[in-house]
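Taking it in order: structure first as structure tokens, then the write-up.
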Amino acid sequence: MNEQTPKERRIILKHADDPTYSNRISCYLREGGYEVLKKAFGMKPEEVGEEVLKSGVRGRGGAGFPAGMKWKFLDRKSGKPIYLICNADESEPGTFKDRQIMYKDPHQLIEGMMIAAYAIGAKQAFIYIRAEFHEGARILNQAITEAKENGYCGDNILGSEYSCDLVVHRGAGAYICGEETGLIESLEGKRPNPRIKPPYFPAVLGLYQCPTIVNNVETLCNVRHIIEMGGEEFSKIGKPNNTGTRIWCVSGQVMKPGYYEFECGALTMGQLIFDVCGGLLPGRSLKAVIPGGSSAKVLRADERFTGTLKDGSEFDWGLEDIPLDFDGPMAAGSMSGSGGIIVMDDTVDIVEAMANINAFYAHESCGQCTPCREGSLWMRKITQRMCSGGAREEDADLLLSVAKQIEGRTICAFGEAAAWPTQSFVTKFKDDFIKKASESSDDRNPQTLQLI
Amino acid sequence: MISPTKEELITINLNGLEVEVPNGMNAVEAAALHGHEVPHYCYHPKLSVAGNCRMCLVEMGTPMRDRATGEPILEEDGSPKIGWVPKPVIGCATNVSSGMHLRTESDLVSECREGIMEFLLVNHPLDCPICDQAGECRLQEFATDYGRGYSRYVERKNVKPKRTRLGPRVTLDDERCILCSRCIRFSQEVAKDDVLGFVDRGSFSTLTCFPGKELSNNYSLNTVDICPVGALTSTDFRFKMRVWFLKESKSICVESSAGCNTTVSSREGVIQRITPCRNDLVNDTWMTDSGREIYKTVRSEDRILRPSVKGEDQPLNETISSAVNILQENKIGLVASCHSTLEEQILTKKLADLTKAEIFLRGHFGEDDGILLSADRSPNLRGALVTGLIQEYPEDNLLALNDAITKGDVEVLLVMNEDLIKSGISEENLAKVKVVYIGTHSNSSSQNADIVLPGLSVFEKGGSFINRSFLLQSFELCIPGPVGLKSQAEVLSAIIAQLSNEECISTNLDSIWELVNSGQIDLLSSITYADLKVAPVQLDGSRWSQLNFVEKEALNYRPLAS
């Protein structure tokens with residue numbers, strides 16, 4: 001490993017790979033667990049919220065919206081009950097950080113959630129966990145039982161007047177349940193059709209039409225550490241506007257894929273891939289990187305990214321120079337999203353990678369609104385045909401046009417999630433798409449191999 | 001017909017023009033008020049907003065304000081600076097506010113509509129020539145108006161079930177469904193019978209009934225009406241008739257006192273279907289399935305088609321003369337009907353006064369469904385109150401008449417429509433009296449009558465009814481009646497003329513209303529039939545507030561406070 005490469009700073013995943021540490025409460029208490037909850041209960045709820053706002057922590061689910069600000073939007077005047085929901089539906093392809101937290105250190109999440117619930121005044125909290133994490137649901141339920149037995153959750157937390165119940169709810173295997181209003185619908189027992197905004201902003205009309213806060217697993221864990229070290233102190237980790245650490249989930253053709261926790265902006269994409277992850281497989285060269293889960297726009301290895309940052313400084317980056325925080329990938333025209341970094345080397349057929357991503361979005365579109373429902377399947381059919389010997393030269397432009405007809409016209413952000421990969425893949429690798437057409441044999445019926 | 005709401009008017013900027021619209025109205029309706037069509041599929045004025053079709057995308061902006069001071073930010077020329085929302089917004093979920101700017105006609109909006117139309121059509125069968133919805137299909141219309149006009153789609157289309165039976169009256173073609181969810185929302189919100197839902201996801205989403213349920217409620221056919229495409233079809237009507245051949249007439253449903261406004265569609269004198277007609281005071285845009293079936297009685301086998309005297313067919317004029325002869329006797333009883341039109345009731349009252357007959361009237365009552373099938377199963381009971389035929393609220397029988405016959409107080413009966421045996425008249429008593437029957441269908445009264453005078457059904461004449469809310473509504477002639485028959489009003493006026501040796505009252509409805517206006521019925525004195533044809537008239541029914549009306553609170557109806 002290069003000497004200049006910064007070391008990992010594990011805050012959230014501190015105990016993740018400790019062989020002496022289990023997911024039982026005894027281990028958590030041994031390491032000072034639930035002490036922060038006691039500290040938080042010594043503060044007023046507003047003060048807790050104030051610390052989170054001061055910390056500048058941004059949501060780890062994908063959009064990167066400041067969590068403290070989100071809490072501020074909560075409608076407290078309505079007099080309706082307030083709900084806290086932990087979004088553990090981690091289903092963005094390429095992302096596997098929340099899984100580590102819940103499987104290996106569930107009490108950290110419970111402590112973070114109880115602090116958050118105390119801060120926003122919620123009497124009922126939920127963990128909405130994806131169906132595939134059945135073991136995770138079991139672990140969380142066990143942890144909640146332990147926490148309740150020890151008075152860290154449930155009735156009269158720490159002997160105070162404050163009570164907050166915590167329930168684990170398992171999804172049924174749908175990507176769209178990660179969209180917060182879709183999640184709320186699903187939690188209410190309905191089809192997870194995302195709601196129209198306006199008027200259904202969760203902070204005002206959320207679960208059961210009551211004010212609701214939905215936060216990602218990692219975000220809620222950060223709440224615990226913010227209260228432990230104070231918002232001011234937390235904000236010194238990382239860079240301004242990009243505070244705290246981030247867990248980067250690296251997958252694809254690197255020597256050591258996995259999860260790595262670093263301070264925001266502490267290292268560049270190149271350092272992560274070539275130093276931390278041990279570089280590419282032998283003899284391969286880098287072709288492209290998707291920096292924040294499959295919805296993020298792809299970045300090409302030989303691209304140059306230029307522009308002006310928010311602080312006014314100009315930048316001229318190659319892919320390897322992009323700093324890993326919230327704003328870096330954003331400045332490069334993509335996003336850090338959920339932190340799922342997918343690395344593709346020169347053996348990857350870009351059109352097939354596109355077909356794979358399109359198949360995912362066509363399969364996961366909820367079907368509620370027209371552009372995403374029809375557009376995602378159409379794009380899937382086009383790329384599938386292209387990969388089955390039926391590519392046409394005009395398909396690249398058609399894909400772009402279809403994607404443009406989806407973007408910004410849907411009920412939820414899934415429209416963008418489905419459109420951005422296509423837009424970036426086709427724009428940046430247009431030659432690959434055109435080449436497919438010349439490879440296609442004319443005597444082959446493009447319809448024959450197509451699946452419906 | 002729909003009177004503009006009396007809400008506060010505000011000024012918005014619609015496509016560059018300052019216009020006034022009611023505050024809070026959604027952008028689709030606001031634009032429509034000023035002649036700008038915003039195409040839509042999932043939005044329905046009487047259902048909740050779903051916002052899923054995305055066809056009504058428009059551009060929206062609001063005047064910008066300085067965050068610190070709250071002062072409006074102005075352009076250089078002093079006009080307010082508009083903060084346009086970067087993405088198009090759906091008109092159906094955008095409620096107008098003062099100063100809002102809307103663009104329903106711009107390049108972006110046109111492009112959005114082209115895109116949505118293309119998406120809706122990629123998995124929709126393009127076989128309009130064999131589709132039953134053709135001619136009244138929003139998809140077809142908007143594809144022509146806003147679509148691109150050519151297809152870029154070369155992939156295979158999705159395959160879905162073509163003939164699903166959702167219930168006894170509704171058949172679904174899933175391939176044509178554009179998943180707008182109107183039918184689902186209708187079932188939940190109006191019919192209160194939550195049986196429809198989508199299964200599967202993405203473009204493979206399929207409309208279906210929940211397991212073990214079927215769409216069998218009495219409002220199921222409204223889902224067919226509101227389906228913007230050819231997915232939900234009426235099992236009764238599908239593939240019977242092209243809609244462009246149909247003549248449409250406005251009518252009133254006679255099933256109950258709700259008085260649903262209807263559109264009767266007929267071709268060459270034969271009714272093909274009945275659909276609801278929007279009236280926000282009465283039925284919104286709905287009606288019952290059972291009400292739609294009533295047209296079948298027009299050509300039913302028990303229809304009386306010829307006048308007769310003692311079972312022998314006779315010409316109408318002679319039959320009327322025979323009736324007049326009988327009615328000149330004493331001890332006449334007159335069974336009036338709450339199925340008669342207001343005009344017929346006026347003439348019935350006049351005839352009763354002339355013959356000094358005692359008036360009997362039977363109510364027809366059933367279960368109230370709290371929506372549009374009211375407990376009073378006649379269209380015009382309040383008409384009988386207004387015309388003075390009755391003062392008390394009627395019973396659901398004619399036992400009073402039976403007693404009168406038993407006592408010998410009634411020897412001659414003129415019956416409008418009612419079935420005497422089913423109304424509680426004993427066969428023995430029925431044999432004692434001479435009966436003149438005026439009605440459309442055969443029943444125990446007509447079978448035992450000395451004289452039978454056929455009438456016309458509600459579809460074969462014009463007239464008016466007073467519904468449960470004391471709303472006076474007129475209806476028009478939809479189809480011609482059977483050859484040689486005259487309306488009940490004409491028959492009655494001919495009888496009156498002969499009895500009184502006066503000239504026959506013109507049976508033109510306007511003339512009957514002139515009779516009304518001459519002051520006989522104070523509640524109606526200022527109304528003319530010409531006005532009534534334009535818009536319904538709300539009558540003041542407060543003088544009957546002490547009566548125990550059987551109707552329960554329902555859609556657009558609150559019982560009079562008693």
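Residues in the structure tokens are numbered from 1 in each chain, the chains being A, B, ... in the order shown, and ligands are numbered from 1 in the order shown.
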Can you list, as a tab-separated table (two decimals) with N, CA and C atoms, in the first residue's frame, all residues belonging to stretch 202-450 of chain B that DSSP tags as alpha helix (DSSP H)?
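Below you can see states_34.tsv, which holds the result:
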```
chain	number	residue	atom	x	y	z
B	221	LEU	N	-70.79	-0.63	-13.27
B	221	LEU	CA	-70.69	-0.13	-14.65
B	221	LEU	C	-70.13	1.28	-14.74
B	222	ASN	N	-70.09	1.98	-13.59
B	222	ASN	CA	-69.45	3.30	-13.63
B	222	ASN	C	-67.97	3.17	-13.93
B	223	THR	N	-67.38	2.05	-13.54
B	223	THR	CA	-65.95	1.86	-13.86
B	223	THR	C	-65.77	1.81	-15.37
B	224	VAL	N	-66.77	1.29	-16.06
B	224	VAL	CA	-66.70	1.25	-17.53
B	224	VAL	C	-66.78	2.67	-18.09
B	225	ASP	N	-67.67	3.48	-17.50
B	225	ASP	CA	-67.81	4.86	-17.98
B	225	ASP	C	-66.53	5.65	-17.81
B	226	ILE	N	-65.87	5.48	-16.65
B	226	ILE	CA	-64.71	6.33	-16.38
B	226	ILE	C	-63.43	5.74	-16.94
B	289	ASP	N	-76.18	0.44	-11.61
B	289	ASP	CA	-76.27	-0.53	-12.70
B	289	ASP	C	-77.73	-0.88	-12.97
B	290	SER	N	-78.51	-0.99	-11.88
B	290	SER	CA	-79.91	-1.38	-12.05
B	290	SER	C	-80.67	-0.31	-12.84
B	291	GLY	N	-80.29	0.97	-12.65
B	291	GLY	CA	-80.95	2.03	-13.39
B	291	GLY	C	-80.69	1.96	-14.88
B	292	ARG	N	-79.54	1.41	-15.24
B	292	ARG	CA	-79.19	1.31	-16.66
B	292	ARG	C	-80.01	0.22	-17.36
B	316	LEU	N	-108.17	4.23	-30.24
B	316	LEU	CA	-107.91	5.02	-29.05
B	316	LEU	C	-109.04	5.97	-28.71
B	317	ASN	N	-109.55	6.68	-29.74
B	317	ASN	CA	-110.59	7.69	-29.46
B	317	ASN	C	-111.84	7.06	-28.86
B	318	GLU	N	-112.20	5.89	-29.39
B	318	GLU	CA	-113.39	5.22	-28.85
B	318	GLU	C	-113.16	4.72	-27.44
B	319	THR	N	-111.96	4.26	-27.20
B	319	THR	CA	-111.64	3.79	-25.86
B	319	THR	C	-111.73	4.94	-24.86
B	320	ILE	N	-111.21	6.10	-25.29
B	320	ILE	CA	-111.27	7.27	-24.41
B	320	ILE	C	-112.74	7.62	-24.13
B	321	SER	N	-113.58	7.58	-25.15
B	321	SER	CA	-114.99	7.90	-24.96
B	321	SER	C	-115.64	6.93	-23.98
B	322	SER	N	-115.30	5.63	-24.11
B	322	SER	CA	-115.84	4.65	-23.17
B	322	SER	C	-115.42	4.97	-21.75
B	323	ALA	N	-114.14	5.39	-21.62
B	323	ALA	CA	-113.64	5.74	-20.29
B	323	ALA	C	-114.41	6.92	-19.73
B	324	VAL	N	-114.67	7.90	-20.59
B	324	VAL	CA	-115.39	9.10	-20.12
B	324	VAL	C	-116.78	8.71	-19.63
B	325	ASN	N	-117.42	7.78	-20.35
B	325	ASN	CA	-118.74	7.32	-19.92
B	325	ASN	C	-118.71	6.75	-18.50
B	326	ILE	N	-117.73	5.92	-18.25
B	326	ILE	CA	-117.65	5.30	-16.92
B	326	ILE	C	-117.38	6.36	-15.86
B	327	LEU	N	-116.48	7.32	-16.22
B	327	LEU	CA	-116.06	8.28	-15.23
B	327	LEU	C	-117.14	9.31	-14.91
B	342	LEU	N	-94.49	15.22	-13.54
B	342	LEU	CA	-95.15	16.32	-12.87
B	342	LEU	C	-96.35	16.82	-13.68
B	343	GLU	N	-96.18	16.86	-15.00
B	343	GLU	CA	-97.24	17.35	-15.87
B	343	GLU	C	-98.45	16.42	-15.82
B	344	GLU	N	-98.18	15.12	-15.79
B	344	GLU	CA	-99.27	14.15	-15.70
B	344	GLU	C	-99.98	14.28	-14.36
B	345	GLN	N	-99.20	14.53	-13.33
B	345	GLN	CA	-99.81	14.68	-12.00
B	345	GLN	C	-100.70	15.91	-11.94
B	346	ILE	N	-100.27	16.97	-12.64
B	346	ILE	CA	-101.10	18.19	-12.67
B	346	ILE	C	-102.45	17.88	-13.32
B	347	LEU	N	-102.39	17.11	-14.43
B	347	LEU	CA	-103.63	16.77	-15.13
B	347	LEU	C	-104.46	15.78	-14.30
B	348	THR	N	-103.77	14.87	-13.61
B	348	THR	CA	-104.48	13.92	-12.75
B	348	THR	C	-105.26	14.66	-11.68
B	349	LYS	N	-104.61	15.68	-11.10
B	349	LYS	CA	-105.26	16.47	-10.06
B	349	LYS	C	-106.48	17.20	-10.64
B	350	LYS	N	-106.29	17.72	-11.83
B	350	LYS	CA	-107.39	18.44	-12.47
B	350	LYS	C	-108.57	17.50	-12.73
B	351	LEU	N	-108.23	16.30	-13.17
B	351	LEU	CA	-109.27	15.30	-13.43
B	351	LEU	C	-109.97	14.91	-12.14
B	352	ALA	N	-109.20	14.76	-11.08
B	352	ALA	CA	-109.80	14.38	-9.79
B	352	ALA	C	-110.76	15.46	-9.31
B	353	ASP	N	-110.31	16.72	-9.48
B	353	ASP	CA	-111.19	17.82	-9.07
B	353	ASP	C	-112.49	17.81	-9.89
B	354	LEU	N	-112.32	17.53	-11.17
B	354	LEU	CA	-113.47	17.56	-12.08
B	354	LEU	C	-114.48	16.46	-11.76
B	355	THR	N	-113.97	15.28	-11.45
B	355	THR	CA	-114.88	14.14	-11.21
B	355	THR	C	-115.19	13.98	-9.73
B	381	LEU	N	-92.34	11.28	-6.14
B	381	LEU	CA	-93.28	11.34	-5.02
B	381	LEU	C	-93.46	12.79	-4.55
B	382	ARG	N	-92.37	13.54	-4.60
B	382	ARG	CA	-92.46	14.94	-4.18
B	382	ARG	C	-93.31	15.75	-5.16
B	383	GLY	N	-93.38	15.26	-6.40
B	383	GLY	CA	-94.27	15.91	-7.36
B	383	GLY	C	-95.72	15.79	-6.91
B	384	ALA	N	-96.06	14.62	-6.35
B	384	ALA	CA	-97.43	14.42	-5.86
B	384	ALA	C	-97.74	15.35	-4.71
B	385	LEU	N	-96.72	15.66	-3.90
B	385	LEU	CA	-96.91	16.62	-2.81
B	385	LEU	C	-97.09	18.03	-3.36
B	386	VAL	N	-96.22	18.37	-4.30
B	386	VAL	CA	-96.22	19.73	-4.84
B	386	VAL	C	-97.52	20.00	-5.61
B	399	LEU	N	-104.23	0.02	1.06
B	399	LEU	CA	-105.23	-0.59	1.96
B	399	LEU	C	-106.40	0.36	2.22
B	400	ALA	N	-106.12	1.66	2.21
B	400	ALA	CA	-107.19	2.64	2.42
B	400	ALA	C	-108.23	2.52	1.32
B	401	LEU	N	-107.72	2.30	0.09
B	401	LEU	CA	-108.63	2.13	-1.04
B	401	LEU	C	-109.44	0.84	-0.88
B	402	ASN	N	-108.74	-0.20	-0.43
B	402	ASN	CA	-109.42	-1.49	-0.22
B	402	ASN	C	-110.60	-1.32	0.75
B	403	ASP	N	-110.33	-0.59	1.85
B	403	ASP	CA	-111.40	-0.33	2.82
B	403	ASP	C	-112.54	0.45	2.19
B	404	ALA	N	-112.16	1.44	1.38
B	404	ALA	CA	-113.18	2.29	0.75
B	404	ALA	C	-114.07	1.46	-0.17
B	405	ILE	N	-113.45	0.50	-0.89
B	405	ILE	CA	-114.25	-0.35	-1.78
B	405	ILE	C	-115.17	-1.24	-0.95
B	406	THR	N	-114.58	-1.78	0.14
B	406	THR	CA	-115.37	-2.66	1.00
B	406	THR	C	-116.60	-1.92	1.53
B	407	LYS	N	-116.40	-0.66	1.91
B	407	LYS	CA	-117.51	0.14	2.44
B	407	LYS	C	-118.48	0.59	1.36
B	427	GLU	N	-108.92	-9.58	-4.30
B	427	GLU	CA	-109.50	-9.93	-5.60
B	427	GLU	C	-111.00	-9.74	-5.61
B	428	GLU	N	-111.57	-10.03	-4.46
B	428	GLU	CA	-113.02	-9.87	-4.30
B	428	GLU	C	-113.43	-8.41	-4.53
B	429	ASN	N	-112.66	-7.50	-3.90
B	429	ASN	CA	-112.96	-6.07	-4.05
B	429	ASN	C	-112.68	-5.59	-5.47
B	430	LEU	N	-111.62	-6.15	-6.06
B	430	LEU	CA	-111.28	-5.73	-7.41
B	430	LEU	C	-112.41	-6.08	-8.38
B	431	ALA	N	-113.05	-7.21	-8.09
B	431	ALA	CA	-114.16	-7.62	-8.96
B	431	ALA	C	-115.37	-6.70	-8.81
B	432	LYS	N	-115.46	-5.99	-7.67
B	432	LYS	CA	-116.63	-5.14	-7.41
B	432	LYS	C	-116.61	-3.84	-8.19
B	444	SER	N	-101.96	-6.76	-12.77
B	444	SER	CA	-103.28	-7.22	-12.31
B	444	SER	C	-104.35	-6.16	-12.57
B	445	SER	N	-103.98	-4.90	-12.52
B	445	SER	CA	-104.96	-3.85	-12.78
B	445	SER	C	-105.43	-3.89	-14.22
B	446	SER	N	-104.47	-3.98	-15.14
B	446	SER	CA	-104.86	-3.96	-16.55
B	446	SER	C	-105.63	-5.23	-16.92
B	447	GLN	N	-105.21	-6.35	-16.29
B	447	GLN	CA	-105.88	-7.60	-16.62
B	447	GLN	C	-107.34	-7.61	-16.15
```
Exercise for the section: Kindly provide, as a ChimeraX atom specification, the residues of chain B having any atom no farther than 9 Å from an atom of chain A, counting only C-alpha atoms. Expected result: /B:50-55,57,86-90,93-94,111-112,114-116,119-120,122-123,152-159,178-181,198,200-205
Any chance you could export the current selection's N, CA and C atoms as a short mmCIF file (atom, residue, chain, number, x, y, z; two decimals), in the first residue's frame?
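The result, stored in out.cif:
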```cif
data_model
loop_
_atom_site.label_atom_id
_atom_site.label_comp_id
_atom_site.auth_asym_id
_atom_site.auth_seq_id
_atom_site.Cartn_x
_atom_site.Cartn_y
_atom_site.Cartn_z
N ALA B 50 -54.54 10.90 -8.20
CA ALA B 50 -53.52 9.85 -8.15
C ALA B 50 -52.22 10.32 -8.78
N GLY B 51 -52.32 11.10 -9.84
CA GLY B 51 -51.13 11.67 -10.46
C GLY B 51 -50.23 10.65 -11.12
N ASN B 52 -50.78 9.56 -11.62
CA ASN B 52 -49.89 8.54 -12.16
C ASN B 52 -49.76 8.52 -13.68
N CYS B 53 -50.70 9.14 -14.42
CA CYS B 53 -50.60 9.02 -15.88
C CYS B 53 -49.57 9.99 -16.45
N ARG B 54 -49.33 11.07 -15.77
CA ARG B 54 -48.34 12.10 -16.13
C ARG B 54 -48.69 12.80 -17.45
N MET B 55 -49.93 12.67 -17.89
CA MET B 55 -50.31 13.29 -19.15
C MET B 55 -50.53 14.79 -18.96
N LEU B 57 -48.84 17.02 -17.45
CA LEU B 57 -47.66 17.80 -17.08
C LEU B 57 -47.73 19.21 -17.70
N PRO B 86 -38.15 23.81 -11.99
CA PRO B 86 -37.29 23.29 -13.06
C PRO B 86 -37.89 22.10 -13.82
N LYS B 87 -38.67 21.28 -13.13
CA LYS B 87 -39.29 20.15 -13.81
C LYS B 87 -40.75 20.47 -14.11
N PRO B 88 -41.32 19.84 -15.12
CA PRO B 88 -42.77 20.01 -15.30
C PRO B 88 -43.53 19.40 -14.13
N VAL B 89 -44.67 19.98 -13.78
CA VAL B 89 -45.47 19.46 -12.66
C VAL B 89 -46.80 18.94 -13.21
N ILE B 90 -47.44 18.05 -12.43
CA ILE B 90 -48.73 17.54 -12.91
C ILE B 90 -49.83 18.55 -12.56
N ALA B 93 -52.49 17.86 -9.63
CA ALA B 93 -52.13 18.01 -8.21
C ALA B 93 -51.56 19.40 -7.93
N THR B 94 -51.71 20.31 -8.89
CA THR B 94 -51.23 21.67 -8.69
C THR B 94 -52.42 22.59 -8.48
N GLU B 111 -43.65 18.39 -25.67
CA GLU B 111 -42.70 17.29 -25.70
C GLU B 111 -43.06 16.24 -24.65
N CYS B 112 -43.46 16.71 -23.47
CA CYS B 112 -43.89 15.79 -22.41
C CYS B 112 -45.07 14.96 -22.89
N GLU B 114 -46.02 14.28 -25.94
CA GLU B 114 -45.60 13.33 -26.97
C GLU B 114 -44.96 12.11 -26.33
N GLY B 115 -44.11 12.37 -25.34
CA GLY B 115 -43.41 11.27 -24.68
C GLY B 115 -44.38 10.35 -23.96
N ILE B 116 -45.31 10.93 -23.21
CA ILE B 116 -46.25 10.10 -22.45
C ILE B 116 -47.14 9.31 -23.41
N PHE B 119 -45.22 6.41 -24.68
CA PHE B 119 -45.09 5.37 -23.65
C PHE B 119 -46.39 4.60 -23.47
N LEU B 120 -47.51 5.33 -23.46
CA LEU B 120 -48.79 4.65 -23.25
C LEU B 120 -49.10 3.68 -24.39
N VAL B 122 -46.77 2.06 -26.34
CA VAL B 122 -45.82 1.01 -26.70
C VAL B 122 -46.34 -0.38 -26.35
N ASN B 123 -47.05 -0.50 -25.26
CA ASN B 123 -47.58 -1.83 -24.93
C ASN B 123 -49.10 -1.90 -25.07
N ARG B 152 -41.79 4.44 -32.81
CA ARG B 152 -40.38 4.07 -32.86
C ARG B 152 -40.16 2.71 -32.21
N TYR B 153 -41.28 2.08 -31.88
CA TYR B 153 -41.20 0.85 -31.10
C TYR B 153 -41.15 -0.37 -32.01
N VAL B 154 -40.06 -1.14 -31.93
CA VAL B 154 -39.96 -2.33 -32.78
C VAL B 154 -39.94 -3.62 -31.95
N GLU B 155 -40.00 -3.49 -30.61
CA GLU B 155 -39.93 -4.69 -29.77
C GLU B 155 -41.32 -5.34 -29.72
N ARG B 156 -41.35 -6.48 -29.07
CA ARG B 156 -42.64 -7.13 -28.90
C ARG B 156 -43.43 -6.46 -27.79
N LYS B 157 -44.72 -6.50 -27.93
CA LYS B 157 -45.58 -5.92 -26.90
C LYS B 157 -45.86 -6.95 -25.81
N ASN B 158 -46.18 -6.43 -24.63
CA ASN B 158 -46.54 -7.33 -23.53
C ASN B 158 -47.85 -8.04 -23.86
N VAL B 159 -47.98 -9.23 -23.34
CA VAL B 159 -49.20 -10.00 -23.54
C VAL B 159 -49.91 -10.13 -22.19
N ILE B 178 -54.41 1.15 -19.25
CA ILE B 178 -53.25 2.03 -19.11
C ILE B 178 -52.93 2.28 -17.64
N LEU B 179 -53.52 1.50 -16.74
CA LEU B 179 -53.19 1.50 -15.31
C LEU B 179 -53.41 2.87 -14.66
N CYS B 180 -54.47 3.55 -15.05
CA CYS B 180 -54.72 4.89 -14.51
C CYS B 180 -55.29 4.81 -13.10
N SER B 181 -55.85 3.68 -12.73
CA SER B 181 -56.39 3.41 -11.38
C SER B 181 -57.70 4.14 -11.07
N PHE B 198 -54.16 -3.80 -8.48
CA PHE B 198 -53.16 -4.24 -9.45
C PHE B 198 -52.35 -5.38 -8.85
N ASP B 200 -48.70 -7.81 -9.86
CA ASP B 200 -47.45 -7.73 -10.61
C ASP B 200 -46.99 -6.27 -10.66
N ARG B 201 -45.81 -6.08 -11.25
CA ARG B 201 -45.32 -4.71 -11.21
C ARG B 201 -44.74 -4.28 -12.54
N GLY B 202 -44.35 -3.01 -12.57
CA GLY B 202 -43.83 -2.45 -13.80
C GLY B 202 -44.88 -2.51 -14.89
N SER B 203 -44.40 -2.68 -16.10
CA SER B 203 -45.31 -2.70 -17.23
C SER B 203 -46.18 -3.95 -17.25
N PHE B 204 -45.83 -4.91 -16.40
CA PHE B 204 -46.63 -6.14 -16.35
C PHE B 204 -47.78 -6.03 -15.35
N SER B 205 -47.91 -4.89 -14.73
CA SER B 205 -49.02 -4.69 -13.77
C SER B 205 -50.34 -5.01 -14.46
#
```
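Residues within 6 Å of A:Gly231, counting only C-alpha atoms and excluding same-chain residues fewer than 5 positions away, are Glu51, Val52, Lys54, Ser55 and Ile226 of chain A.
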Handout entry: Who sits within 10 Å of B:Asn508, only C-alpha atoms, same chain under 4 positions skipped, as a PyMOL selection string
Key = chain B and resi 462+489-490+512-513
Prev. selection, all heavy atoms, output as a compact mmCIF listing (two decimals), in the first residue's frame:
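Saved file result03.txt follows:
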```txt
# COMPACT_ATOMS: atom_id res chain seq x y z
N GLY B 462 -91.55 13.70 -23.07
CA GLY B 462 -90.81 14.67 -22.28
C GLY B 462 -91.56 14.92 -20.99
O GLY B 462 -92.68 14.46 -20.79
N ALA B 489 -100.27 12.20 -20.75
CA ALA B 489 -100.77 13.57 -20.65
C ALA B 489 -101.84 13.83 -21.71
O ALA B 489 -102.88 14.45 -21.44
CB ALA B 489 -99.61 14.55 -20.82
N GLU B 490 -101.62 13.32 -22.90
CA GLU B 490 -102.60 13.53 -23.97
C GLU B 490 -103.91 12.78 -23.67
O GLU B 490 -105.00 13.30 -23.87
CB GLU B 490 -102.02 13.05 -25.31
CG GLU B 490 -101.00 14.01 -25.85
CD GLU B 490 -100.33 13.47 -27.10
OE1 GLU B 490 -99.35 12.70 -26.95
OE2 GLU B 490 -100.77 13.81 -28.20
N ILE B 512 -99.05 23.03 -20.84
CA ILE B 512 -99.38 22.55 -19.49
C ILE B 512 -98.74 23.45 -18.45
O ILE B 512 -99.33 23.78 -17.43
CB ILE B 512 -98.92 21.09 -19.31
CG1 ILE B 512 -99.63 20.19 -20.33
CG2 ILE B 512 -99.20 20.61 -17.89
CD1 ILE B 512 -99.29 18.74 -20.22
N TRP B 513 -97.52 23.88 -18.74
CA TRP B 513 -96.85 24.76 -17.78
C TRP B 513 -97.50 26.12 -17.70
O TRP B 513 -97.44 26.78 -16.66
CB TRP B 513 -95.35 24.85 -18.10
CG TRP B 513 -94.65 23.71 -17.44
CD1 TRP B 513 -94.49 22.47 -17.94
CD2 TRP B 513 -94.10 23.69 -16.12
NE1 TRP B 513 -93.87 21.66 -17.02
CE2 TRP B 513 -93.62 22.39 -15.91
CE3 TRP B 513 -93.97 24.65 -15.12
CZ2 TRP B 513 -93.02 22.02 -14.71
CZ3 TRP B 513 -93.35 24.27 -13.93
CH2 TRP B 513 -92.89 22.97 -13.74
```
Practice task
Tell me which protein, DNA and RNA residues are within 12 Å of stretch 19-34 of chain A, counting only C-alpha atoms, leaving out same-chain ones fewer than 5 positions away, and put them as JSON, numbers by chain.
Solution key: {"A": [13, 14, 39, 40, 41, 100, 101, 102, 103, 104, 105, 106, 107, 108, 109, 110, 111, 112, 113, 114, 115, 136, 138, 139, 140, 141, 142, 143, 144, 145, 146, 147, 148, 149, 150, 151, 152, 153, 157, 158, 224, 225, 227, 228]}
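The space between atom CA of A:Ile350 and atom CA of A:Glu416 spans 19.9 Å.
Residue nearest B:Pro536 within the list B:Cys183, B:Leu281, B:Leu420, B:Cys128: B:Leu281 [criterion: smallest interatomic distance, only C-alpha atoms].
Checking B:Val282, B:Leu215, B:Val21, B:Leu47 one by one against B:Gln473, counting only C-alpha atoms, you find the shortest gap at B:Val282.
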Handout entry: Proximity to B:Leu14 - best of B:Ile438, B:Pro39, B:Glu29, B:Met100, only C-alpha atoms
Key =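 Closest candidate: B:Met100.
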Exercise for the section: Skip stretch 431-435 of chain A itself and residues of its chain fewer than 6 positions away, then list as a ChimeraX atom specification all residues within 8 Å of it, counting only C-alpha atoms. Expected result: /A:350-351,392-393,395-396
Practice task
Find the residues near A:Asn242: any atom within 10 Å, counting only C-alpha atoms, skip ones fewer than 5 places away on the same chain, and give them as a ChimeraX atom specification.
Solution key: /A:55-58,64,66,235-237,263-265,324-328
